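The next block is data-v3.txt, given as compact mmCIF, C-alpha atoms and all ligand atoms.
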# COMPACT_ATOMS: atom_id res chain seq x y z
CA ASP N 176 -73.00 74.04 -118.73
CA ARG N 177 -69.75 72.18 -119.05
CA LEU N 178 -68.78 71.17 -122.60
CA ILE N 179 -65.29 69.80 -122.00
CA GLU N 180 -64.23 68.20 -118.75
CA MET N 181 -60.83 66.55 -118.36
CA ARG N 182 -60.01 64.98 -115.01
CA ASP N 183 -56.46 63.83 -114.24
CA VAL N 184 -55.87 63.22 -117.94
CA THR N 185 -52.56 61.80 -119.13
CA LYS N 186 -51.56 60.84 -122.67
CA THR N 187 -48.47 58.69 -123.18
CA TYR N 188 -47.74 57.74 -126.79
CA GLY N 189 -46.52 54.31 -127.87
CA ASN N 190 -42.91 55.59 -127.93
CA GLY N 191 -43.10 56.29 -124.18
CA ILE N 192 -43.38 60.09 -124.51
CA THR N 193 -45.90 61.60 -122.09
CA ALA N 194 -47.31 64.50 -124.11
CA VAL N 195 -49.99 65.48 -121.58
CA ASN N 196 -49.31 64.87 -117.92
CA ASN N 197 -52.16 64.72 -115.41
CA ILE N 198 -54.19 67.78 -116.43
CA ASN N 199 -57.53 69.05 -115.18
CA VAL N 200 -59.32 71.30 -117.67
CA PHE N 201 -62.94 72.48 -117.65
CA ILE N 202 -64.47 74.51 -120.47
CA ASP N 203 -68.02 75.85 -120.30
CA LYS N 204 -70.59 76.63 -122.94
CA GLY N 205 -69.92 79.96 -124.65
CA GLU N 206 -66.27 80.34 -123.65
CA PHE N 207 -63.46 81.44 -125.98
CA VAL N 208 -60.18 79.83 -124.95
CA TYR N 209 -56.65 80.25 -126.29
CA VAL N 210 -54.29 77.31 -125.80
CA VAL N 211 -50.67 78.50 -125.77
CA GLY N 212 -47.19 77.22 -124.97
CA PRO N 213 -43.86 76.36 -126.57
CA SER N 214 -43.48 73.67 -129.26
CA GLY N 215 -43.71 70.18 -127.82
CA ALA N 216 -45.67 71.40 -124.77
CA GLY N 217 -48.65 69.13 -125.47
CA LYS N 218 -51.08 71.60 -127.06
CA SER N 219 -51.85 69.48 -130.12
CA THR N 220 -52.27 66.36 -128.05
CA PHE N 221 -54.72 68.21 -125.78
CA ILE N 222 -56.58 69.57 -128.83
CA LYS N 223 -56.69 66.11 -130.47
CA MET N 224 -58.24 64.62 -127.34
CA THR N 225 -61.04 67.22 -127.51
CA TYR N 226 -62.06 66.06 -130.99
CA LEU N 227 -61.50 62.35 -130.27
CA GLU N 228 -58.49 61.99 -132.56
CA GLU N 229 -56.47 60.74 -129.59
CA ARG N 230 -57.62 58.95 -126.45
CA PRO N 231 -56.09 59.52 -123.02
CA THR N 232 -54.04 56.72 -121.45
CA ALA N 233 -55.28 57.72 -117.98
CA GLY N 234 -57.99 59.94 -116.53
CA LYS N 235 -61.49 60.85 -117.61
CA ILE N 236 -62.85 62.99 -120.45
CA TYR N 237 -66.48 64.08 -120.65
CA MET N 238 -67.69 65.88 -123.76
CA ASN N 239 -71.00 67.65 -123.28
CA GLY N 240 -71.66 65.27 -120.38
CA THR N 241 -70.78 62.10 -122.28
CA ASP N 242 -68.13 59.91 -120.64
CA LEU N 243 -65.85 59.02 -123.56
CA ASP N 244 -64.94 55.70 -121.92
CA GLU N 245 -68.57 54.67 -122.18
CA LEU N 246 -69.02 55.91 -125.72
CA LYS N 247 -69.57 52.99 -128.06
CA ARG N 248 -67.39 53.00 -131.18
CA LYS N 249 -70.46 53.30 -133.40
CA HIS N 250 -71.49 56.52 -131.63
CA ILE N 251 -68.17 58.30 -132.22
CA PRO N 252 -69.22 59.74 -135.63
CA LEU N 253 -72.36 61.17 -134.02
CA LEU N 254 -70.35 62.91 -131.28
CA ARG N 255 -67.81 64.17 -133.85
CA ARG N 256 -70.63 65.84 -135.77
CA ASN N 257 -71.08 68.02 -132.68
CA ILE N 258 -67.48 69.19 -132.80
CA GLY N 259 -66.27 71.48 -135.57
CA VAL N 260 -62.53 71.32 -136.31
CA VAL N 261 -60.33 73.77 -138.19
CA PHE N 262 -56.65 73.17 -139.03
CA GLN N 263 -53.65 75.32 -139.88
CA ASP N 264 -53.47 73.87 -143.41
CA PHE N 265 -57.24 74.12 -144.14
CA LYS N 266 -57.55 70.50 -145.41
CA LEU N 267 -59.93 71.40 -148.25
CA LEU N 268 -60.45 68.88 -151.04
CA PRO N 269 -58.77 70.44 -154.12
CA LYS N 270 -61.02 68.82 -156.72
CA LEU N 271 -64.23 70.06 -155.10
CA SER N 272 -65.63 73.58 -155.30
CA VAL N 273 -66.20 75.68 -152.19
CA PHE N 274 -69.87 74.66 -152.23
CA GLU N 275 -69.04 70.97 -152.59
CA ASN N 276 -66.35 71.05 -149.90
CA ILE N 277 -68.93 72.34 -147.43
CA ALA N 278 -71.86 70.25 -148.69
CA PHE N 279 -69.82 67.06 -148.42
CA ALA N 280 -70.56 66.59 -144.71
CA LEU N 281 -74.29 66.88 -145.36
CA GLU N 282 -74.36 64.67 -148.45
CA VAL N 283 -73.10 61.76 -146.35
CA LEU N 284 -76.19 62.31 -144.22
CA GLU N 285 -78.36 62.13 -147.36
CA GLU N 286 -80.06 65.45 -146.74
CA PRO N 287 -82.33 66.67 -149.57
CA ARG N 288 -80.73 69.00 -152.13
CA HIS N 289 -82.68 72.13 -151.19
CA VAL N 290 -81.79 71.68 -147.51
CA ILE N 291 -78.11 71.26 -148.37
CA LYS N 292 -78.18 74.39 -150.52
CA LYS N 293 -79.84 76.49 -147.84
CA ARG N 294 -77.46 75.37 -145.12
CA VAL N 295 -74.30 75.76 -147.23
CA PHE N 296 -75.25 79.33 -148.09
CA GLU N 297 -76.05 80.05 -144.43
CA VAL N 298 -72.52 79.10 -143.34
CA LEU N 299 -70.96 80.84 -146.38
CA ASP N 300 -72.83 83.95 -145.29
CA LEU N 301 -71.42 83.53 -141.77
CA VAL N 302 -67.86 83.63 -143.14
CA ARG N 303 -68.77 86.29 -145.77
CA LEU N 304 -67.91 84.18 -148.82
CA LYS N 305 -71.28 83.67 -150.53
CA ASN N 306 -69.90 85.04 -153.79
CA LYS N 307 -67.16 82.35 -153.96
CA ALA N 308 -69.36 79.24 -153.80
CA ARG N 309 -68.34 78.11 -157.29
CA PHE N 310 -64.62 78.71 -156.81
CA TYR N 311 -62.04 75.96 -156.27
CA PRO N 312 -59.67 76.12 -153.27
CA GLN N 313 -56.60 77.00 -155.39
CA GLU N 314 -58.48 80.05 -156.74
CA LEU N 315 -58.81 81.49 -153.25
CA SER N 316 -56.40 83.36 -151.00
CA GLY N 317 -55.20 81.63 -147.82
CA GLY N 318 -57.59 83.69 -145.73
CA GLU N 319 -60.51 82.71 -147.94
CA GLN N 320 -59.55 79.03 -147.80
CA GLN N 321 -59.49 79.19 -144.03
CA ARG N 322 -62.93 80.81 -144.02
CA VAL N 323 -64.22 77.94 -146.19
CA SER N 324 -62.80 75.45 -143.72
CA ILE N 325 -64.53 77.31 -140.87
CA ALA N 326 -67.81 77.27 -142.81
CA ARG N 327 -67.41 73.51 -143.31
CA ALA N 328 -66.71 73.04 -139.59
CA MET N 329 -69.91 74.96 -138.73
CA ILE N 330 -72.25 73.14 -141.13
CA ASN N 331 -73.87 71.03 -138.39
CA HIS N 332 -74.00 74.00 -135.97
CA PRO N 333 -71.75 72.29 -133.43
CA PRO N 334 -71.69 73.64 -129.86
CA ILE N 335 -67.86 73.50 -129.98
CA LEU N 336 -65.39 74.74 -132.58
CA ILE N 337 -61.80 73.54 -132.15
CA ALA N 338 -59.13 75.44 -134.08
CA ASP N 339 -55.54 74.16 -134.16
CA GLU N 340 -53.32 77.12 -135.18
CA PRO N 341 -55.96 78.54 -137.55
CA THR N 342 -53.82 81.58 -138.41
CA GLY N 343 -50.50 79.69 -138.58
CA ASN N 344 -50.23 80.01 -142.38
CA LEU N 345 -51.70 83.51 -142.71
CA ASP N 346 -50.28 87.01 -142.69
CA PRO N 347 -51.23 89.32 -139.78
CA GLN N 348 -53.99 91.24 -141.58
CA THR N 349 -55.65 88.07 -142.88
CA SER N 350 -55.31 86.53 -139.40
CA TRP N 351 -57.40 89.34 -137.91
CA GLY N 352 -60.11 88.61 -140.49
CA ILE N 353 -60.16 84.99 -139.28
CA MET N 354 -60.35 86.20 -135.67
CA ASP N 355 -63.37 88.36 -136.58
CA VAL N 356 -65.12 85.26 -137.92
CA LEU N 357 -64.22 83.13 -134.88
CA GLN N 358 -65.39 85.87 -132.50
CA GLU N 359 -68.66 86.21 -134.40
CA ILE N 360 -69.20 82.44 -134.14
CA ASN N 361 -68.46 82.66 -130.40
CA ALA N 362 -70.83 85.61 -129.99
CA ARG N 363 -73.59 83.47 -131.49
CA GLY N 364 -73.05 80.92 -128.70
CA THR N 365 -70.46 78.41 -129.95
CA THR N 366 -67.59 77.59 -127.62
CA VAL N 367 -64.25 78.21 -129.36
CA VAL N 368 -60.98 76.54 -128.34
CA MET N 369 -58.00 77.83 -130.32
CA ALA N 370 -54.39 76.66 -130.08
CA THR N 371 -52.15 79.47 -131.24
CA HIS N 372 -48.61 80.85 -131.45
CA ASN N 373 -49.98 84.23 -132.43
CA LYS N 374 -48.75 86.44 -129.61
CA GLU N 375 -50.26 89.61 -131.05
CA ILE N 376 -53.75 88.17 -131.32
CA VAL N 377 -53.71 86.81 -127.76
CA ASN N 378 -52.41 90.08 -126.30
CA VAL N 379 -54.55 92.46 -128.36
CA SER N 380 -57.75 90.44 -127.96
CA PRO N 381 -57.47 89.01 -124.45
CA LYS N 382 -59.55 86.00 -123.47
CA ARG N 383 -59.12 82.94 -121.29
CA VAL N 384 -55.61 81.51 -121.74
CA ILE N 385 -54.62 77.93 -120.90
CA ALA N 386 -50.83 77.55 -121.09
CA PHE N 387 -49.03 74.21 -121.47
CA GLU N 388 -45.41 73.47 -120.67
CA GLY N 389 -43.91 70.00 -120.63
CA GLY N 390 -47.35 68.40 -120.81
CA ARG N 391 -48.70 70.26 -117.78
CA VAL N 392 -51.09 73.20 -117.49
CA THR N 393 -48.94 75.98 -116.06
CA ARG N 394 -51.46 78.85 -116.32
CA ASP N 395 -55.22 79.14 -116.67
CA GLU N 396 -56.25 82.80 -116.63
CA GLN N 397 -59.55 84.49 -117.49
CA ARG N 398 -57.99 87.40 -119.39
CA GLY N 399 -54.55 86.02 -119.96
CA ARG N 400 -51.54 87.08 -121.97
CA TYR N 401 -49.41 85.13 -124.41
CA ALA N 402 -46.23 85.63 -122.34
CA TYR N 403 -43.80 83.73 -124.58
CA GLU N 404 -41.32 85.21 -127.01
CA LYS N 405 -42.78 83.48 -130.09
P1 LIG N 501 -47.36 70.94 -129.20
O1 LIG N 501 -48.62 70.93 -129.98
O2 LIG N 501 -47.43 71.82 -127.99
O3 LIG N 501 -46.16 71.25 -130.05
P2 LIG N 501 -47.59 68.05 -129.12
O4 LIG N 501 -48.81 67.62 -128.40
O5 LIG N 501 -47.58 68.00 -130.60
O6 LIG N 501 -47.12 69.48 -128.58
O7 LIG N 501 -46.36 67.14 -128.64
C1 LIG N 501 -46.06 66.89 -127.26
C2 LIG N 501 -45.00 65.81 -127.19
O8 LIG N 501 -45.55 64.58 -127.66
C3 LIG N 501 -43.77 66.07 -128.05
O9 LIG N 501 -42.65 65.58 -127.37
C4 LIG N 501 -44.04 65.27 -129.30
O10 LIG N 501 -42.84 64.88 -129.91
C5 LIG N 501 -44.80 64.08 -128.76
N1 LIG N 501 -45.77 63.53 -129.75
C6 LIG N 501 -46.76 64.22 -130.36
N2 LIG N 501 -47.47 63.41 -131.16
C7 LIG N 501 -46.91 62.18 -131.05
C8 LIG N 501 -47.18 60.90 -131.63
N3 LIG N 501 -48.21 60.72 -132.49
N4 LIG N 501 -46.40 59.86 -131.29
C9 LIG N 501 -45.38 60.03 -130.43
N5 LIG N 501 -45.06 61.20 -129.83
C10 LIG N 501 -45.81 62.27 -130.14
P1 LIG N 502 -56.67 87.95 -148.57
O1 LIG N 502 -56.69 89.37 -148.09
O2 LIG N 502 -57.89 87.18 -148.14
O3 LIG N 502 -55.38 87.21 -148.27
P2 LIG N 502 -55.68 88.21 -151.32
O4 LIG N 502 -55.19 89.61 -151.30
O5 LIG N 502 -54.68 87.10 -151.24
O6 LIG N 502 -56.81 88.03 -150.17
O7 LIG N 502 -56.59 87.94 -152.59
C1 LIG N 502 -57.47 88.95 -153.06
C2 LIG N 502 -58.42 88.34 -154.07
O8 LIG N 502 -57.72 87.71 -155.15
C3 LIG N 502 -59.29 87.28 -153.42
O9 LIG N 502 -60.63 87.64 -153.61
C4 LIG N 502 -58.97 85.99 -154.16
O10 LIG N 502 -60.17 85.32 -154.55
C5 LIG N 502 -58.21 86.42 -155.39
N1 LIG N 502 -57.13 85.47 -155.55
C6 LIG N 502 -56.07 85.29 -154.73
N2 LIG N 502 -55.25 84.33 -155.18
C7 LIG N 502 -55.81 83.87 -156.33
C8 LIG N 502 -55.46 82.85 -157.29
N3 LIG N 502 -54.35 82.10 -157.14
N4 LIG N 502 -56.29 82.63 -158.32
C9 LIG N 502 -57.41 83.37 -158.46
N5 LIG N 502 -57.79 84.35 -157.62
C10 LIG N 502 -57.02 84.60 -156.56
Please re-express this file's structure in C-alpha cells.
Ligand code: ADP
Ligand code: ADP
Amino acid sequence: DRLIEMRDVTKTYGNGITAVNNINVFIDKGEFVYVVGPSGAGKSTFIKMTYLEERPTAGKIYMNGTDLDELKRKHIPLLRRNIGVVFQDFKLLPKLSVFENIAFALEVLEEPRHVIKKRVFEVLDLVRLKNKARFYPQELSGGEQQRVSIARAMINHPPILIADEPTGNLDPQTSWGIMDVLQEINARGTTVVMATHNKEIVNVSPKRVIAFEGGRVTRDEQRGRYAYEK
C-alpha cells in the first residue's frame, strides 16, 4: 500500500526559488524513512508538502490514494487528521497541561469526556509519560516535551507520522529515547518519515534514506547512510 506518492513534483516559492525540483518519491505503509541533506536542500519543503502545509507548483501528490489536486478545501482538515506531525521545537501550548495539550485535538471533535481520557492516557502510555499528565510543558525536560508532542501527533492513530528534525534540540542520550518511541510507533504499523541532521542516529540505526541536494533527490537507499559531515 502506497501512502505517499509524488510524481514529477516541483515547488517554486513566490520569490522564484525552486526548493524542490522534479522529484519522484514513493513511500509505502509501514516504512521508516530518514530524509537527509545539507541546509537549503529542500527537505523542509518536501516534508511540508507531505502534511499539506505547502502545495506543489507542478506535478502530482497522492496521499493514501487521494489526489491532492482533487481534494476539496473543506476536506483538508479531515486528511490532516490522518497525518501526525512533530516539530523540532515541540510547539506545545505553554498554558495547557500535558493532558490538555493532547486532549485539545479531540475536544475540537467534541468527543465525550471519558473517551478523551482513555485515549489521552493510551498515547501517554505509548510515550511512557503517564505520570506527567498534570505537568505543564515548562516543568518537563526537552525529551519529555518532545514525547508529549509525539503523543499529541498520535492521538487520532494516523497511518503516517511526519517528524521534522525531532531530535534537533535534544542531547544525544535524549535523542535515542525519542528514536525508541518513533521505532515503537513504526513497529506498531505507522509509517514514519523523519527529516534529520543527526548523523549518528542514521548510521547507527540504518533505515531507508532519501537524500536531497539542491532540490533534487540524489540518493534513495533501503539501508542508507547519512554520508554528510554534519
Ligand atoms: P532544508 O529543509 O533542506 O534546509 P528548505 O526546504 O527549507 O530546505 O529550503 C529550500 C530552499 O527554499 C532554500 O533556498 C530556502 O531558502 C527556500 N525556501 C524555503 N522556504 C521558503 C519560503 N517560504 N519562501 C521562499 N523560499 C523558501
Ligand atoms: P531528560 O533525560 O528527559 O532530558 P532531564 O534530566 O532533563 O530529563 O530531567 C529529569 C527530570 O527532571 C524529568 O523527569 C523532568 O520532569 C524534571 N525536570 C527537568 N526540568 C525541569 C524543570 N524546569 N522544572 C521541573 N522539573 C524538571
| query | Expressed in Å to a single decimal, how great is the separation between CA of Gly240 (chain N) and CA of Lys204 (chain N)? | reply |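 Computed distance, CA of Gly240 (chain N) to CA of Lys204 (chain N), equals 11.7 Å.
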| field | Between CA of Phe262 (chain N) and atom O6 of ligand LIG 502 (chain N) - distance in Å to one decimal | value |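 Between these atoms lies a distance of 18.6 Å.
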| Counting only C-alpha atoms, what is within 10 Å of Ile222 (chain N), bar same-chain residues fewer than 5 positions away, as a ChimeraX atom specification? | /N:210,217,227-229,260,337-339,368-370
| Å distance separating atom C8 of ligand LIG 502 (chain N) from CA of Val283 (chain N), one decimal place | 29.6 Å
| request: Skip Glu275 (chain N) itself and residues of its chain fewer than 5 positions away, then list as a ChimeraX atom specification all residues within 9 Å of it, counting only C-alpha atoms. | output: /N:268,295,308-309
Could you dump the residues just selected with C-alpha atoms as a JSON list (two decimals), in the coordinates of the input?
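The resulting file, out00.json, is shown below:
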[["chain", "number", "residue", "atom", "x", "y", "z"],
["N", 268, "LEU", "CA", -60.45, 68.88, -151.04],
["N", 295, "VAL", "CA", -74.30, 75.76, -147.23],
["N", 308, "ALA", "CA", -69.36, 79.24, -153.80],
["N", 309, "ARG", "CA", -68.34, 78.11, -157.29]]
Any chance you could work out the axis-aligned box around ligand LIG 501 (chain N), listed atoms only, 4 Å on each side, giving centre and edge lengths in Å to one decimal, as JSON?
{"center_x": -45.7, "center_y": 65.8, "center_z": -129.8, "size_x": 14.2, "size_y": 20.0, "size_z": 13.3}
With ligand LIG 502 (chain N) as the partner and 8 Å as the cut-off, tabulate the residues of chain N that qualify, each row holding the nearest pair of atoms and their distance in Å to one decimal, using all atoms listed in the file, sorted by chain and rising number, as a Markdown table.
| residue | atom | partner | partner_atom | distance |
| --- | --- | --- | --- | --- |
| N:Lys307 | CA | N:LIG502 | O10 | 7.6 |
| N:Gln313 | CA | N:LIG502 | N3 | 5.8 |
| N:Glu314 | CA | N:LIG502 | N4 | 3.7 |
| N:Leu315 | CA | N:LIG502 | O10 | 4.3 |
| N:Ser316 | CA | N:LIG502 | O5 | 4.1 |
| N:Gly317 | CA | N:LIG502 | O3 | 5.6 |
| N:Gly318 | CA | N:LIG502 | O2 | 4.3 |
| N:Glu319 | CA | N:LIG502 | O2 | 5.2 |
| N:Leu345 | CA | N:LIG502 | O3 | 7.6 |
| N:Asp346 | CA | N:LIG502 | O3 | 7.6 |
| N:Gln348 | CA | N:LIG502 | O1 | 7.3 |
| N:Thr349 | CA | N:LIG502 | O3 | 5.5 |
| field | Selection within 6 Å of ligand LIG 501 (chain N) by all atoms listed in the file, output as number ranges by chain | value | N: 188, 190, 192, 194, 213-220
| Selection near Gly352 (chain N), 10 Å with only C-alpha atoms, sequence-local residues under 5 positions removed, as an NGL selection string | :N and (302 or 318-319 or 322 or 342 or 347 or 357-358)
| Polymer residues at most 8 Å from Asp183 (chain N), all atoms listed in the file, same-chain spacing of 2 or more positions, as number ranges by chain | N: 181, 185, 197-199, 233-235
| message | Give me, as a list of chain:residue names, all polymer residues having an atom no more than 9 Å from Asp203 (chain N), counting only C-alpha atoms and skipping those fewer than 4 positions away in the same chain. | response |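 Using only C-alpha atoms, the neighbours found are N:Asp176, N:Arg177, N:Leu178, N:Ile179, N:Glu180, N:Thr366.
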Would you mind exporting C-alpha atoms of the selected residues as a PDB file, keeping the file's coordinate frame?
ATOM      1  CA  ASP N 176     -73.000  74.040-118.730  1.00  0.00           C
ATOM      2  CA  ARG N 177     -69.750  72.180-119.050  1.00  0.00           C
ATOM      3  CA  LEU N 178     -68.780  71.170-122.600  1.00  0.00           C
ATOM      4  CA  ILE N 179     -65.290  69.800-122.000  1.00  0.00           C
ATOM      5  CA  GLU N 180     -64.230  68.200-118.750  1.00  0.00           C
ATOM      6  CA  THR N 366     -67.590  77.590-127.620  1.00  0.00           C
TER       7      THR N 366
END
